[in-house]
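Text of the file upload28.pdb, holding PDB, C-alpha atoms, pLDDT in the B column:
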ATOM      1  CA  MET Z 187      23.248   3.887  20.119  1.00 89.00           C
ATOM      2  CA  GLY Z 188      21.023   5.300  17.374  1.00 91.00           C
ATOM      3  CA  MET Z 189      22.334   2.821  14.819  1.00 91.00           C
ATOM      4  CA  VAL Z 190      21.874  -0.180  17.108  1.00 92.00           C
ATOM      5  CA  THR Z 191      18.338   0.920  18.024  1.00 93.00           C
ATOM      6  CA  VAL Z 192      17.200   1.389  14.414  1.00 92.00           C
ATOM      7  CA  SER Z 193      18.890  -1.846  13.292  1.00 91.00           C
ATOM      8  CA  ALA Z 194      17.429  -3.882  16.156  1.00 94.00           C
ATOM      9  CA  VAL Z 195      13.897  -2.525  15.703  1.00 94.00           C
ATOM     10  CA  TYR Z 196      13.953  -3.070  11.941  1.00 91.00           C
ATOM     11  CA  GLY Z 197      15.447  -6.565  12.326  1.00 91.00           C
ATOM     12  CA  ALA Z 198      12.764  -7.463  14.879  1.00 94.00           C
ATOM     13  CA  ILE Z 199      10.054  -6.195  12.504  1.00 92.00           C
ATOM     14  CA  VAL Z 200      11.530  -8.300   9.682  1.00 90.00           C
ATOM     15  CA  GLY Z 201      11.609 -11.370  11.952  1.00 91.00           C
ATOM     16  CA  PHE Z 202       8.041 -10.741  13.079  1.00 92.00           C
ATOM     17  CA  VAL Z 203       6.380  -9.746   9.777  1.00 89.00           C
ATOM     18  CA  GLY Z 204       8.311 -12.221   7.665  1.00 84.00           C
ATOM     19  CA  THR Z 205       8.184 -12.631   3.932  1.00 81.00           C
ATOM     20  CA  SER Z 206       5.252 -10.293   3.220  1.00 80.00           C
ATOM     21  CA  MET Z 207       7.520  -7.230   3.213  1.00 80.00           C
ATOM     22  CA  PRO Z 208       8.278  -5.286  -0.011  1.00 74.00           C
ATOM     23  CA  GLN Z 209      11.847  -6.637  -0.220  1.00 73.00           C
ATOM     24  CA  PHE Z 210      10.446 -10.024  -1.249  1.00 73.00           C
ATOM     25  CA  SER Z 211       8.779  -8.655  -4.353  1.00 70.00           C
ATOM     26  CA  THR Z 212      10.147 -10.491  -7.370  1.00 69.00           C
ATOM     27  CA  ALA Z 213       8.009  -8.638  -9.905  1.00 71.00           C
ATOM     28  CA  PRO Z 214      10.053  -7.437 -12.882  1.00 73.00           C
ATOM     29  CA  THR Z 215      10.613  -3.726 -13.152  1.00 73.00           C
ATOM     30  CA  VAL Z 216       8.419  -2.093 -15.743  1.00 76.00           C
ATOM     31  CA  PRO Z 217       9.386   1.248 -17.322  1.00 77.00           C
ATOM     32  CA  GLY Z 218       7.280   4.063 -15.923  1.00 80.00           C
ATOM     33  CA  THR Z 219       6.471   2.299 -12.641  1.00 82.00           C
ATOM     34  CA  LEU Z 220       8.100   1.783  -9.267  1.00 83.00           C
ATOM     35  CA  SER Z 221       8.038  -1.452  -7.308  1.00 80.00           C
ATOM     36  CA  ALA Z 222       7.252  -1.423  -3.599  1.00 78.00           C
ATOM     37  CA  ARG Z 223      10.915  -2.189  -2.919  1.00 79.00           C
ATOM     38  CA  SER Z 224      12.008   0.808  -5.011  1.00 82.00           C
ATOM     39  CA  VAL Z 225       9.550   3.115  -3.270  1.00 85.00           C
ATOM     40  CA  GLN Z 226      10.817   2.005   0.132  1.00 84.00           C
ATOM     41  CA  SER Z 227      14.450   2.585  -0.884  1.00 85.00           C
ATOM     42  CA  MET Z 228      13.608   5.974  -2.384  1.00 90.00           C
ATOM     43  CA  VAL Z 229      11.756   7.180   0.698  1.00 91.00           C
ATOM     44  CA  VAL Z 230      14.359   5.983   3.195  1.00 91.00           C
ATOM     45  CA  PHE Z 231      17.489   7.020   1.302  1.00 92.00           C
ATOM     46  CA  GLY Z 232      15.869  10.269   0.151  1.00 94.00           C
ATOM     47  CA  LEU Z 233      15.065  11.235   3.746  1.00 95.00           C
ATOM     48  CA  ILE Z 234      18.555  10.253   4.906  1.00 95.00           C
ATOM     49  CA  GLY Z 235      20.104  12.337   2.118  1.00 95.00           C
ATOM     50  CA  LEU Z 236      17.929  15.361   2.869  1.00 96.00           C
ATOM     51  CA  CYS Z 237      18.697  15.092   6.606  1.00 96.00           C
ATOM     52  CA  MET Z 238      22.433  14.995   5.896  1.00 95.00           C
ATOM     53  CA  LEU Z 239      22.130  17.912   3.501  1.00 96.00           C
ATOM     54  CA  TYR Z 240      20.247  19.965   6.092  1.00 96.00           C
ATOM     55  CA  MET Z 241      22.743  19.077   8.831  1.00 95.00           C
ATOM     56  CA  GLY Z 242      25.582  20.191   6.558  1.00 95.00           C
ATOM     57  CA  LEU Z 243      23.880  23.521   5.897  1.00 96.00           C
ATOM     58  CA  ALA Z 244      23.268  23.878   9.640  1.00 94.00           C
ATOM     59  CA  ALA Z 245      26.985  23.277  10.309  1.00 91.00           C
ATOM     60  CA  LEU Z 246      27.668  26.283   8.051  1.00 92.00           C
ATOM     61  CA  ARG Z 247      24.972  28.244   9.934  1.00 91.00           C
ATOM     62  CA  LEU Z 248      22.973  28.772   6.739  1.00 95.00           C
ATOM     63  CA  VAL Z 249      19.857  27.199   8.295  1.00 96.00           C
ATOM     64  CA  PRO Z 250      18.796  26.791  11.942  1.00 95.00           C
ATOM     65  CA  ASP Z 251      20.580  24.012  13.822  1.00 92.00           C
ATOM     66  CA  PRO Z 252      17.995  21.293  14.573  1.00 91.00           C
ATOM     67  CA  PHE Z 253      20.019  20.210  17.612  1.00 92.00           C
ATOM     68  CA  GLY Z 254      20.810  23.683  18.972  1.00 87.00           C
ATOM     69  CA  ARG Z 255      18.602  23.482  22.063  1.00 90.00           C
ATOM     70  CA  ILE Z 256      18.643  19.782  22.753  1.00 92.00           C
ATOM     71  CA  ALA Z 257      22.444  19.515  22.416  1.00 89.00           C
ATOM     72  CA  ARG Z 258      22.876  21.896  25.352  1.00 90.00           C
ATOM     73  CA  ARG Z 259      21.062  19.441  27.588  1.00 92.00           C
ATOM     74  CA  PHE Z 260      22.075  16.223  25.787  1.00 92.00           C
ATOM     75  CA  PRO Z 261      25.449  16.844  24.089  1.00 92.00           C
ATOM     76  CA  ASN Z 262      25.431  13.441  22.357  1.00 92.00           C
ATOM     77  CA  ALA Z 263      22.024  13.941  20.688  1.00 92.00           C
ATOM     78  CA  PRO Z 264      23.506  14.822  17.261  1.00 91.00           C
ATOM     79  CA  MET Z 265      25.695  11.688  17.325  1.00 90.00           C
ATOM     80  CA  VAL Z 266      22.760   9.481  18.337  1.00 92.00           C
ATOM     81  CA  PHE Z 267      20.702  10.962  15.494  1.00 93.00           C
ATOM     82  CA  MET Z 268      23.545  10.395  13.025  1.00 91.00           C
ATOM     83  CA  GLY Z 269      23.771   6.806  14.268  1.00 90.00           C
ATOM     84  CA  GLY Z 270      20.049   6.471  13.605  1.00 92.00           C
ATOM     85  CA  LEU Z 271      20.593   7.685  10.054  1.00 91.00           C
ATOM     86  CA  ILE Z 272      23.364   5.124   9.597  1.00 88.00           C
ATOM     87  CA  GLY Z 273      21.052   2.424  10.956  1.00 88.00           C
ATOM     88  CA  GLY Z 274      18.426   3.614   8.487  1.00 88.00           C
ATOM     89  CA  PHE Z 275      20.661   2.539   5.609  1.00 85.00           C
ATOM     90  CA  LEU Z 276      19.482  -1.015   6.353  1.00 83.00           C
ATOM     91  CA  ILE Z 277      15.884  -0.174   5.531  1.00 83.00           C
ATOM     92  CA  GLY Z 278      15.222  -0.911   1.902  1.00 67.00           C
ATOM     93  CA  ARG Z 279      18.799  -1.842   1.113  1.00 72.00           C
ATOM     94  CA  PRO Z 280      18.666  -3.454  -2.337  1.00 65.00           C
ATOM     95  CA  TYR Z 281      21.963  -5.357  -2.533  1.00 72.00           C
ATOM     96  CA  PRO Z 282      21.802  -9.138  -3.137  1.00 74.00           C
ATOM     97  CA  LEU Z 283      23.942 -10.160  -0.150  1.00 77.00           C
ATOM     98  CA  PHE Z 284      21.819  -8.023   2.175  1.00 80.00           C
ATOM     99  CA  ARG Z 285      18.627  -9.421   0.639  1.00 79.00           C
ATOM    100  CA  GLN Z 286      19.884 -12.925   1.451  1.00 84.00           C
ATOM    101  CA  MET Z 287      20.425 -11.948   5.104  1.00 86.00           C
ATOM    102  CA  PHE Z 288      17.051 -10.223   5.073  1.00 85.00           C
ATOM    103  CA  ARG Z 289      15.381 -13.353   3.668  1.00 86.00           C
ATOM    104  CA  ASP Z 290      17.056 -15.534   6.299  1.00 89.00           C
ATOM    105  CA  ALA Z 291      15.871 -13.264   9.127  1.00 89.00           C
ATOM    106  CA  ALA Z 292      12.344 -13.047   7.705  1.00 88.00           C
ATOM    107  CA  GLU Z 293      12.006 -16.762   7.103  1.00 89.00           C
ATOM    108  CA  SER Z 294      13.205 -17.518  10.637  1.00 91.00           C
ATOM    109  CA  GLY Z 295      10.071 -15.901  12.073  1.00 89.00           C
ATOM    110  CA  ASN Z 296      12.155 -14.959  15.107  1.00 94.00           C
ATOM    111  CA  PRO Z 297      12.228 -11.233  15.983  1.00 94.00           C
ATOM    112  CA  LEU Z 298      15.235 -11.703  18.302  1.00 96.00           C
ATOM    113  CA  TYR Z 299      17.223 -13.405  15.559  1.00 95.00           C
ATOM    114  CA  GLY Z 300      16.238 -10.666  13.100  1.00 93.00           C
ATOM    115  CA  ALA Z 301      17.298  -7.940  15.536  1.00 94.00           C
ATOM    116  CA  ALA Z 302      20.629  -9.641  16.277  1.00 95.00           C
ATOM    117  CA  ALA Z 303      21.403 -10.249  12.591  1.00 93.00           C
ATOM    118  CA  PHE Z 304      20.661  -6.641  11.620  1.00 92.00           C
ATOM    119  CA  VAL Z 305      22.626  -5.181  14.534  1.00 93.00           C
ATOM    120  CA  LEU Z 306      25.582  -7.423  13.682  1.00 92.00           C
ATOM    121  CA  GLN Z 307      25.456  -6.270  10.060  1.00 89.00           C
ATOM    122  CA  SER Z 308      25.416  -2.593  11.112  1.00 89.00           C
ATOM    123  CA  VAL Z 309      28.228  -3.064  13.612  1.00 91.00           C
ATOM    124  CA  GLY Z 310      30.258  -4.808  10.885  1.00 88.00           C
ATOM    125  CA  ASN Z 311      29.865  -1.783   8.621  1.00 83.00           C
ATOM    126  CA  ILE Z 312      30.942   0.576  11.395  1.00 87.00           C
ATOM    127  CA  VAL Z 313      33.964  -1.571  12.333  1.00 91.00           C
ATOM    128  CA  ILE Z 314      35.320  -1.179   8.804  1.00 88.00           C
ATOM    129  CA  MET Z 315      34.955   2.604   9.025  1.00 85.00           C
ATOM    130  CA  ALA Z 316      36.493   2.650  12.515  1.00 88.00           C
ATOM    131  CA  VAL Z 317      39.541   0.691  11.348  1.00 92.00           C
ATOM    132  CA  LEU Z 318      40.025   3.098   8.424  1.00 88.00           C
ATOM    133  CA  PHE Z 319      39.719   6.061  10.811  1.00 83.00           C
ATOM    134  CA  ILE Z 320      42.256   4.550  13.214  1.00 88.00           C
ATOM    135  CA  VAL Z 321      44.718   3.921  10.379  1.00 88.00           C
ATOM    136  CA  LEU Z 322      44.257   7.500   9.155  1.00 81.00           C
ATOM    137  CA  SER Z 323      44.739   8.818  12.704  1.00 81.00           C
ATOM    138  CA  VAL Z 324      47.936   6.828  13.213  1.00 84.00           C
ATOM    139  CA  VAL Z 325      49.417   7.743   9.831  1.00 83.00           C
ATOM    140  CA  ALA Z 326      48.596  11.456   9.771  1.00 78.00           C
ATOM    141  CA  GLY Z 327      46.893  12.068  13.110  1.00 70.00           C
ATOM    142  CA  GLY Z 328      49.178  14.698  14.619  1.00 78.00           C
ATOM    143  CA  ARG Z 329      49.499  16.826  11.506  1.00 81.00           C
ATOM    144  CA  VAL Z 330      45.790  16.645  10.670  1.00 78.00           C
ATOM    145  CA  GLN Z 331      44.789  17.456  14.253  1.00 79.00           C
ATOM    146  CA  GLN Z 332      47.119  20.466  14.340  1.00 83.00           C
ATOM    147  CA  TRP Z 333      45.829  21.683  10.993  1.00 83.00           C
ATOM    148  CA  LEU Z 334      42.182  21.326  12.072  1.00 80.00           C
ATOM    149  CA  THR Z 335      42.644  23.040  15.431  1.00 83.00           C
ATOM    150  CA  ALA Z 336      44.742  25.907  14.027  1.00 87.00           C
ATOM    151  CA  LYS Z 337      41.525  27.582  12.838  1.00 87.00           C
ATOM    152  CA  PRO Z 338      38.262  26.602  14.570  1.00 78.00           C
ATOM    153  CA  GLY Z 339      36.201  27.066  11.396  1.00 87.00           C
ATOM    154  CA  ARG Z 340      38.031  24.276   9.573  1.00 88.00           C
ATOM    155  CA  ILE Z 341      36.265  21.516  11.497  1.00 87.00           C
ATOM    156  CA  ALA Z 342      32.865  23.090  10.760  1.00 87.00           C
ATOM    157  CA  VAL Z 343      33.686  23.449   7.053  1.00 92.00           C
ATOM    158  CA  LEU Z 344      35.000  19.870   6.827  1.00 91.00           C
ATOM    159  CA  THR Z 345      31.932  18.514   8.643  1.00 90.00           C
ATOM    160  CA  ALA Z 346      29.554  20.620   6.554  1.00 94.00           C
ATOM    161  CA  GLY Z 347      31.237  19.683   3.290  1.00 95.00           C
ATOM    162  CA  SER Z 348      31.163  15.981   4.127  1.00 93.00           C
ATOM    163  CA  LEU Z 349      27.477  16.073   5.086  1.00 94.00           C
ATOM    164  CA  ILE Z 350      26.456  18.153   2.072  1.00 96.00           C
ATOM    165  CA  ILE Z 351      28.336  15.922  -0.374  1.00 96.00           C
ATOM    166  CA  ALA Z 352      27.051  12.695   1.216  1.00 94.00           C
ATOM    167  CA  GLY Z 353      23.494  14.043   1.469  1.00 95.00           C
ATOM    168  CA  ALA Z 354      23.355  15.364  -2.089  1.00 95.00           C
ATOM    169  CA  PHE Z 355      24.849  12.159  -3.479  1.00 93.00           C
ATOM    170  CA  THR Z 356      22.457   9.950  -1.493  1.00 92.00           C
ATOM    171  CA  PHE Z 357      19.406  11.915  -2.600  1.00 93.00           C
ATOM    172  CA  LEU Z 358      20.446  12.195  -6.246  1.00 91.00           C
ATOM    173  CA  TYR Z 359      21.587   8.577  -6.530  1.00 88.00           C
ATOM    174  CA  TRP Z 360      18.667   6.898  -4.756  1.00 89.00           C
ATOM    175  CA  ASP Z 361      15.830   9.194  -5.795  1.00 90.00           C
ATOM    176  CA  VAL Z 362      16.522  11.195  -8.935  1.00 89.00           C
ATOM    177  CA  ARG Z 363      18.628   8.505 -10.633  1.00 87.00           C
ATOM    178  CA  LEU Z 364      16.112   5.776  -9.783  1.00 86.00           C
ATOM    179  CA  LEU Z 365      13.269   7.824 -11.266  1.00 87.00           C
ATOM    180  CA  ALA Z 366      15.316   8.317 -14.428  1.00 85.00           C
ATOM    181  CA  ARG Z 367      16.177   4.607 -14.694  1.00 82.00           C
ATOM    182  CA  ARG Z 368      12.488   3.736 -14.423  1.00 83.00           C
ATOM    183  CA  GLU Z 369      11.833   6.276 -17.214  1.00 81.00           C
ATOM    184  CA  ILE Z 370       9.650   8.416 -14.950  1.00 85.00           C
ATOM    185  CA  ILE Z 371      11.887  11.457 -15.459  1.00 85.00           C
ATOM    186  CA  PRO Z 372      14.133  11.738 -18.534  1.00 81.00           C
ATOM    187  CA  TRP Z 373      16.914  14.033 -17.437  1.00 76.00           C
ATOM    188  CA  TYR Z 374      19.328  12.394 -15.003  1.00 75.00           C
ATOM    189  CA  PRO Z 375      22.889  12.764 -16.339  1.00 75.00           C
ATOM    190  CA  THR Z 376      24.803   9.534 -16.877  1.00 72.00           C
ATOM    191  CA  ALA Z 377      28.476   8.948 -17.426  1.00 71.00           C
ATOM    192  CA  PRO Z 378      29.441   7.691 -20.899  1.00 76.00           C
ATOM    193  CA  TRP Z 379      30.798   4.423 -19.468  1.00 73.00           C
ATOM    194  CA  SER Z 380      27.659   3.515 -17.492  1.00 64.00           C
TER     195      SER Z 380
END

Output the file's structure as C-alpha cells, nothing else.
Amino acid sequence: MGMVTVSAVYGAIVGFVGTSMPQFSTAPTVPGTLSARSVQSMVVFGLIGLCMLYMGLAALRLVPDPFGRIARRFPNAPMVFMGGLIGGFLIGRPYPLFRQMFRDAAESGNPLYGAAAFVLQSVGNIVIMAVLFIVLSVVAGGRVQQWLTAKPGRIAVLTAGSLIIAGAFTFLYWDVRLLARREIIPWYPTAPWS
C-alpha cells in the first residue's frame, strides 16, 4: 500500500509537471558540482538508506523503535512504511530505461497515465522479488522456517542485519560515492577493477 501510494503520487506529479523536472537536465557533469538530478537522487536515496539503517538498529533494540506505539494500534504500519520506502526508489532513479519511462509519462501531460505507469513499474519490481521469495520458500521453506523459529532472536537478527546492510550500502553508494565521483570529497574507496 505504501509503495503504490508513493509511486502513484510521484507518477501523477510527473504527468502534471512534465518536462521541467530535474530528471530532464542534460547538462554535462562538471567536477566539483552536482546537477539537480544528482541532488535529488542523493537526498532520496540517502534518506531511504538512513531510514533502513535506523530500522535495523531498532530491530536490535539499540535505538528506540519508531513504530513501537503505532504498531500496537496499526500492526501493518511498519510494512506500509517499508512499502513507502520501496516506492521512494522511483524518485530520482537515474537509470536510462527508467528515464525513458519517466520522459514518456512527463511528455504525456496526463497525471493518471503517469500514476499508472509508475505503479506498474513498482509492482513489476516487487513481482520479481515475490517470485524469488516463493522459489526460496518452496526449495528450503520448511528447514529455514524451523531454523528461524527455533530461537526467536534469529528473525530479529536477520531482519536487522538485512536492513543495516541495505541501508549502509544505499547511503554509501548514492551519497558518499556520488560526492567522490564528482570530486567533492576525495576519499571514497574504489575497487581496483572499477

Query raised in the report: What is the CA of Trp333 (chain Z) to CA of Ala257 (chain Z) distance in Å?
Result: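 Between CA of Trp333 (chain Z) and CA of Ala257 (chain Z) the gap is 26.1 Å.
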
Requested in this report: Quick one: everything within 12 Å of Arg363 (chain Z), counting all atoms listed in the file, minus sequence neighbours fewer than 4 positions away in the same chain. Send it as a count of residues only.
Outcome: 20

Within 12 Å of (14.4, -12.2, 2.1), in the coordinates the file gives, what residues turn up when you count all atoms listed in the file, written out as a PDB file with C-alpha atoms, keeping the file's coordinate frame?
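What landed in out.pdb:
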ATOM      1  CA  GLY Z 197      15.447  -6.565  12.326  1.00 91.00           C
ATOM      2  CA  VAL Z 200      11.530  -8.300   9.682  1.00 90.00           C
ATOM      3  CA  GLY Z 201      11.609 -11.370  11.952  1.00 91.00           C
ATOM      4  CA  VAL Z 203       6.380  -9.746   9.777  1.00 89.00           C
ATOM      5  CA  GLY Z 204       8.311 -12.221   7.665  1.00 84.00           C
ATOM      6  CA  THR Z 205       8.184 -12.631   3.932  1.00 81.00           C
ATOM      7  CA  SER Z 206       5.252 -10.293   3.220  1.00 80.00           C
ATOM      8  CA  MET Z 207       7.520  -7.230   3.213  1.00 80.00           C
ATOM      9  CA  PRO Z 208       8.278  -5.286  -0.011  1.00 74.00           C
ATOM     10  CA  GLN Z 209      11.847  -6.637  -0.220  1.00 73.00           C
ATOM     11  CA  PHE Z 210      10.446 -10.024  -1.249  1.00 73.00           C
ATOM     12  CA  SER Z 211       8.779  -8.655  -4.353  1.00 70.00           C
ATOM     13  CA  THR Z 212      10.147 -10.491  -7.370  1.00 69.00           C
ATOM     14  CA  ARG Z 223      10.915  -2.189  -2.919  1.00 79.00           C
ATOM     15  CA  GLY Z 278      15.222  -0.911   1.902  1.00 67.00           C
ATOM     16  CA  ARG Z 279      18.799  -1.842   1.113  1.00 72.00           C
ATOM     17  CA  PRO Z 280      18.666  -3.454  -2.337  1.00 65.00           C
ATOM     18  CA  TYR Z 281      21.963  -5.357  -2.533  1.00 72.00           C
ATOM     19  CA  PRO Z 282      21.802  -9.138  -3.137  1.00 74.00           C
ATOM     20  CA  LEU Z 283      23.942 -10.160  -0.150  1.00 77.00           C
ATOM     21  CA  PHE Z 284      21.819  -8.023   2.175  1.00 80.00           C
ATOM     22  CA  ARG Z 285      18.627  -9.421   0.639  1.00 79.00           C
ATOM     23  CA  GLN Z 286      19.884 -12.925   1.451  1.00 84.00           C
ATOM     24  CA  MET Z 287      20.425 -11.948   5.104  1.00 86.00           C
ATOM     25  CA  PHE Z 288      17.051 -10.223   5.073  1.00 85.00           C
ATOM     26  CA  ARG Z 289      15.381 -13.353   3.668  1.00 86.00           C
ATOM     27  CA  ASP Z 290      17.056 -15.534   6.299  1.00 89.00           C
ATOM     28  CA  ALA Z 291      15.871 -13.264   9.127  1.00 89.00           C
ATOM     29  CA  ALA Z 292      12.344 -13.047   7.705  1.00 88.00           C
ATOM     30  CA  GLU Z 293      12.006 -16.762   7.103  1.00 89.00           C
ATOM     31  CA  SER Z 294      13.205 -17.518  10.637  1.00 91.00           C
ATOM     32  CA  GLY Z 295      10.071 -15.901  12.073  1.00 89.00           C
ATOM     33  CA  GLY Z 300      16.238 -10.666  13.100  1.00 93.00           C
TER      34      GLY Z 300
END

Report task. Calculate how many Å separate CA of Val195 (chain Z) from CA of Pro297 (chain Z), rounding to one decimal. Result ->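 Those two atoms sit 8.9 Å apart.
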
Centre and edge lengths, as lines of an AutoDock Vina configuration file, for the axis-aligned box enclosing every listed atom of region 247-260 of chain Z with 3 Å of padding on each of the six sides, in Å to one decimal?
center_x = 21.5
center_y = 22.5
center_z = 17.2
size_x = 13.0
size_y = 18.5
size_z = 26.8

Query raised in the report: Hey, can you check how far CA of Trp360 (chain Z) sits from CA of Ser227 (chain Z)?
Result: 7.2 Å

Query raised in the report: Which residues, written as a ChimeraX atom specification, have at least one atom at most 9 Å from Phe267 (chain Z), with only C-alpha atoms counted and residues fewer than 5 positions away on the same chain left out?
Result: /Z:187-189,262,272

Completed region 330-350 of chain Z (N, CA, C and O atoms) as a PDB file, in the coordinates of the input:
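Written file, result.pdb:
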ATOM      1  N   VAL Z 330      47.176  16.304  10.985  1.00 78.00           N
ATOM      2  CA  VAL Z 330      45.790  16.645  10.670  1.00 78.00           C
ATOM      3  C   VAL Z 330      45.136  17.348  11.857  1.00 78.00           C
ATOM      4  O   VAL Z 330      44.441  18.349  11.693  1.00 78.00           O
ATOM      5  N   GLN Z 331      45.374  16.845  13.059  1.00 79.00           N
ATOM      6  CA  GLN Z 331      44.789  17.456  14.253  1.00 79.00           C
ATOM      7  C   GLN Z 331      45.296  18.890  14.430  1.00 79.00           C
ATOM      8  O   GLN Z 331      44.515  19.796  14.719  1.00 79.00           O
ATOM      9  N   GLN Z 332      46.574  19.107  14.239  1.00 83.00           N
ATOM     10  CA  GLN Z 332      47.119  20.466  14.340  1.00 83.00           C
ATOM     11  C   GLN Z 332      46.522  21.382  13.284  1.00 83.00           C
ATOM     12  O   GLN Z 332      46.185  22.530  13.560  1.00 83.00           O
ATOM     13  N   TRP Z 333      46.393  20.881  12.068  1.00 83.00           N
ATOM     14  CA  TRP Z 333      45.829  21.683  10.993  1.00 83.00           C
ATOM     15  C   TRP Z 333      44.376  22.044  11.288  1.00 83.00           C
ATOM     16  O   TRP Z 333      43.950  23.173  11.074  1.00 83.00           O
ATOM     17  N   LEU Z 334      43.591  21.076  11.778  1.00 80.00           N
ATOM     18  CA  LEU Z 334      42.182  21.326  12.072  1.00 80.00           C
ATOM     19  C   LEU Z 334      41.996  22.294  13.231  1.00 80.00           C
ATOM     20  O   LEU Z 334      41.104  23.142  13.205  1.00 80.00           O
ATOM     21  N   THR Z 335      42.815  22.181  14.258  1.00 83.00           N
ATOM     22  CA  THR Z 335      42.644  23.040  15.431  1.00 83.00           C
ATOM     23  C   THR Z 335      43.291  24.415  15.271  1.00 83.00           C
ATOM     24  O   THR Z 335      43.042  25.297  16.082  1.00 83.00           O
ATOM     25  N   ALA Z 336      44.106  24.604  14.241  1.00 87.00           N
ATOM     26  CA  ALA Z 336      44.742  25.907  14.027  1.00 87.00           C
ATOM     27  C   ALA Z 336      43.694  26.997  13.777  1.00 87.00           C
ATOM     28  O   ALA Z 336      43.850  28.134  14.219  1.00 87.00           O
ATOM     29  N   LYS Z 337      42.636  26.662  13.086  1.00 87.00           N
ATOM     30  CA  LYS Z 337      41.525  27.582  12.838  1.00 87.00           C
ATOM     31  C   LYS Z 337      40.230  26.846  13.166  1.00 87.00           C
ATOM     32  O   LYS Z 337      39.916  25.844  12.516  1.00 87.00           O
ATOM     33  N   PRO Z 338      39.470  27.320  14.138  1.00 78.00           N
ATOM     34  CA  PRO Z 338      38.262  26.602  14.570  1.00 78.00           C
ATOM     35  C   PRO Z 338      37.234  26.375  13.458  1.00 78.00           C
ATOM     36  O   PRO Z 338      36.511  25.387  13.485  1.00 78.00           O
ATOM     37  N   GLY Z 339      37.178  27.217  12.466  1.00 87.00           N
ATOM     38  CA  GLY Z 339      36.201  27.066  11.396  1.00 87.00           C
ATOM     39  C   GLY Z 339      36.478  25.896  10.470  1.00 87.00           C
ATOM     40  O   GLY Z 339      35.588  25.444   9.745  1.00 87.00           O
ATOM     41  N   ARG Z 340      37.687  25.375  10.478  1.00 88.00           N
ATOM     42  CA  ARG Z 340      38.031  24.276   9.573  1.00 88.00           C
ATOM     43  C   ARG Z 340      37.221  23.018   9.868  1.00 88.00           C
ATOM     44  O   ARG Z 340      36.781  22.331   8.946  1.00 88.00           O
ATOM     45  N   ILE Z 341      37.034  22.713  11.141  1.00 87.00           N
ATOM     46  CA  ILE Z 341      36.265  21.516  11.497  1.00 87.00           C
ATOM     47  C   ILE Z 341      34.823  21.662  11.011  1.00 87.00           C
ATOM     48  O   ILE Z 341      34.246  20.722  10.460  1.00 87.00           O
ATOM     49  N   ALA Z 342      34.246  22.854  11.203  1.00 87.00           N
ATOM     50  CA  ALA Z 342      32.865  23.090  10.760  1.00 87.00           C
ATOM     51  C   ALA Z 342      32.761  22.971   9.243  1.00 87.00           C
ATOM     52  O   ALA Z 342      31.815  22.356   8.726  1.00 87.00           O
ATOM     53  N   VAL Z 343      33.716  23.518   8.518  1.00 92.00           N
ATOM     54  CA  VAL Z 343      33.686  23.449   7.053  1.00 92.00           C
ATOM     55  C   VAL Z 343      33.874  22.010   6.575  1.00 92.00           C
ATOM     56  O   VAL Z 343      33.172  21.557   5.662  1.00 92.00           O
ATOM     57  N   LEU Z 344      34.782  21.268   7.199  1.00 91.00           N
ATOM     58  CA  LEU Z 344      35.000  19.870   6.827  1.00 91.00           C
ATOM     59  C   LEU Z 344      33.754  19.030   7.113  1.00 91.00           C
ATOM     60  O   LEU Z 344      33.328  18.232   6.282  1.00 91.00           O
ATOM     61  N   THR Z 345      33.157  19.231   8.289  1.00 90.00           N
ATOM     62  CA  THR Z 345      31.932  18.514   8.643  1.00 90.00           C
ATOM     63  C   THR Z 345      30.807  18.869   7.682  1.00 90.00           C
ATOM     64  O   THR Z 345      30.115  17.991   7.159  1.00 90.00           O
ATOM     65  N   ALA Z 346      30.625  20.162   7.447  1.00 94.00           N
ATOM     66  CA  ALA Z 346      29.554  20.620   6.554  1.00 94.00           C
ATOM     67  C   ALA Z 346      29.749  20.079   5.143  1.00 94.00           C
ATOM     68  O   ALA Z 346      28.807  19.571   4.523  1.00 94.00           O
ATOM     69  N   GLY Z 347      30.961  20.183   4.637  1.00 95.00           N
ATOM     70  CA  GLY Z 347      31.237  19.683   3.290  1.00 95.00           C
ATOM     71  C   GLY Z 347      30.967  18.197   3.159  1.00 95.00           C
ATOM     72  O   GLY Z 347      30.354  17.739   2.186  1.00 95.00           O
ATOM     73  N   SER Z 348      31.395  17.431   4.153  1.00 93.00           N
ATOM     74  CA  SER Z 348      31.163  15.981   4.127  1.00 93.00           C
ATOM     75  C   SER Z 348      29.674  15.660   4.137  1.00 93.00           C
ATOM     76  O   SER Z 348      29.206  14.812   3.368  1.00 93.00           O
ATOM     77  N   LEU Z 349      28.916  16.332   5.003  1.00 94.00           N
ATOM     78  CA  LEU Z 349      27.477  16.073   5.086  1.00 94.00           C
ATOM     79  C   LEU Z 349      26.744  16.517   3.823  1.00 94.00           C
ATOM     80  O   LEU Z 349      25.841  15.821   3.347  1.00 94.00           O
ATOM     81  N   ILE Z 350      27.122  17.658   3.287  1.00 96.00           N
ATOM     82  CA  ILE Z 350      26.456  18.153   2.072  1.00 96.00           C
ATOM     83  C   ILE Z 350      26.735  17.229   0.887  1.00 96.00           C
ATOM     84  O   ILE Z 350      25.825  16.871   0.136  1.00 96.00           O
TER      85      ILE Z 350
END
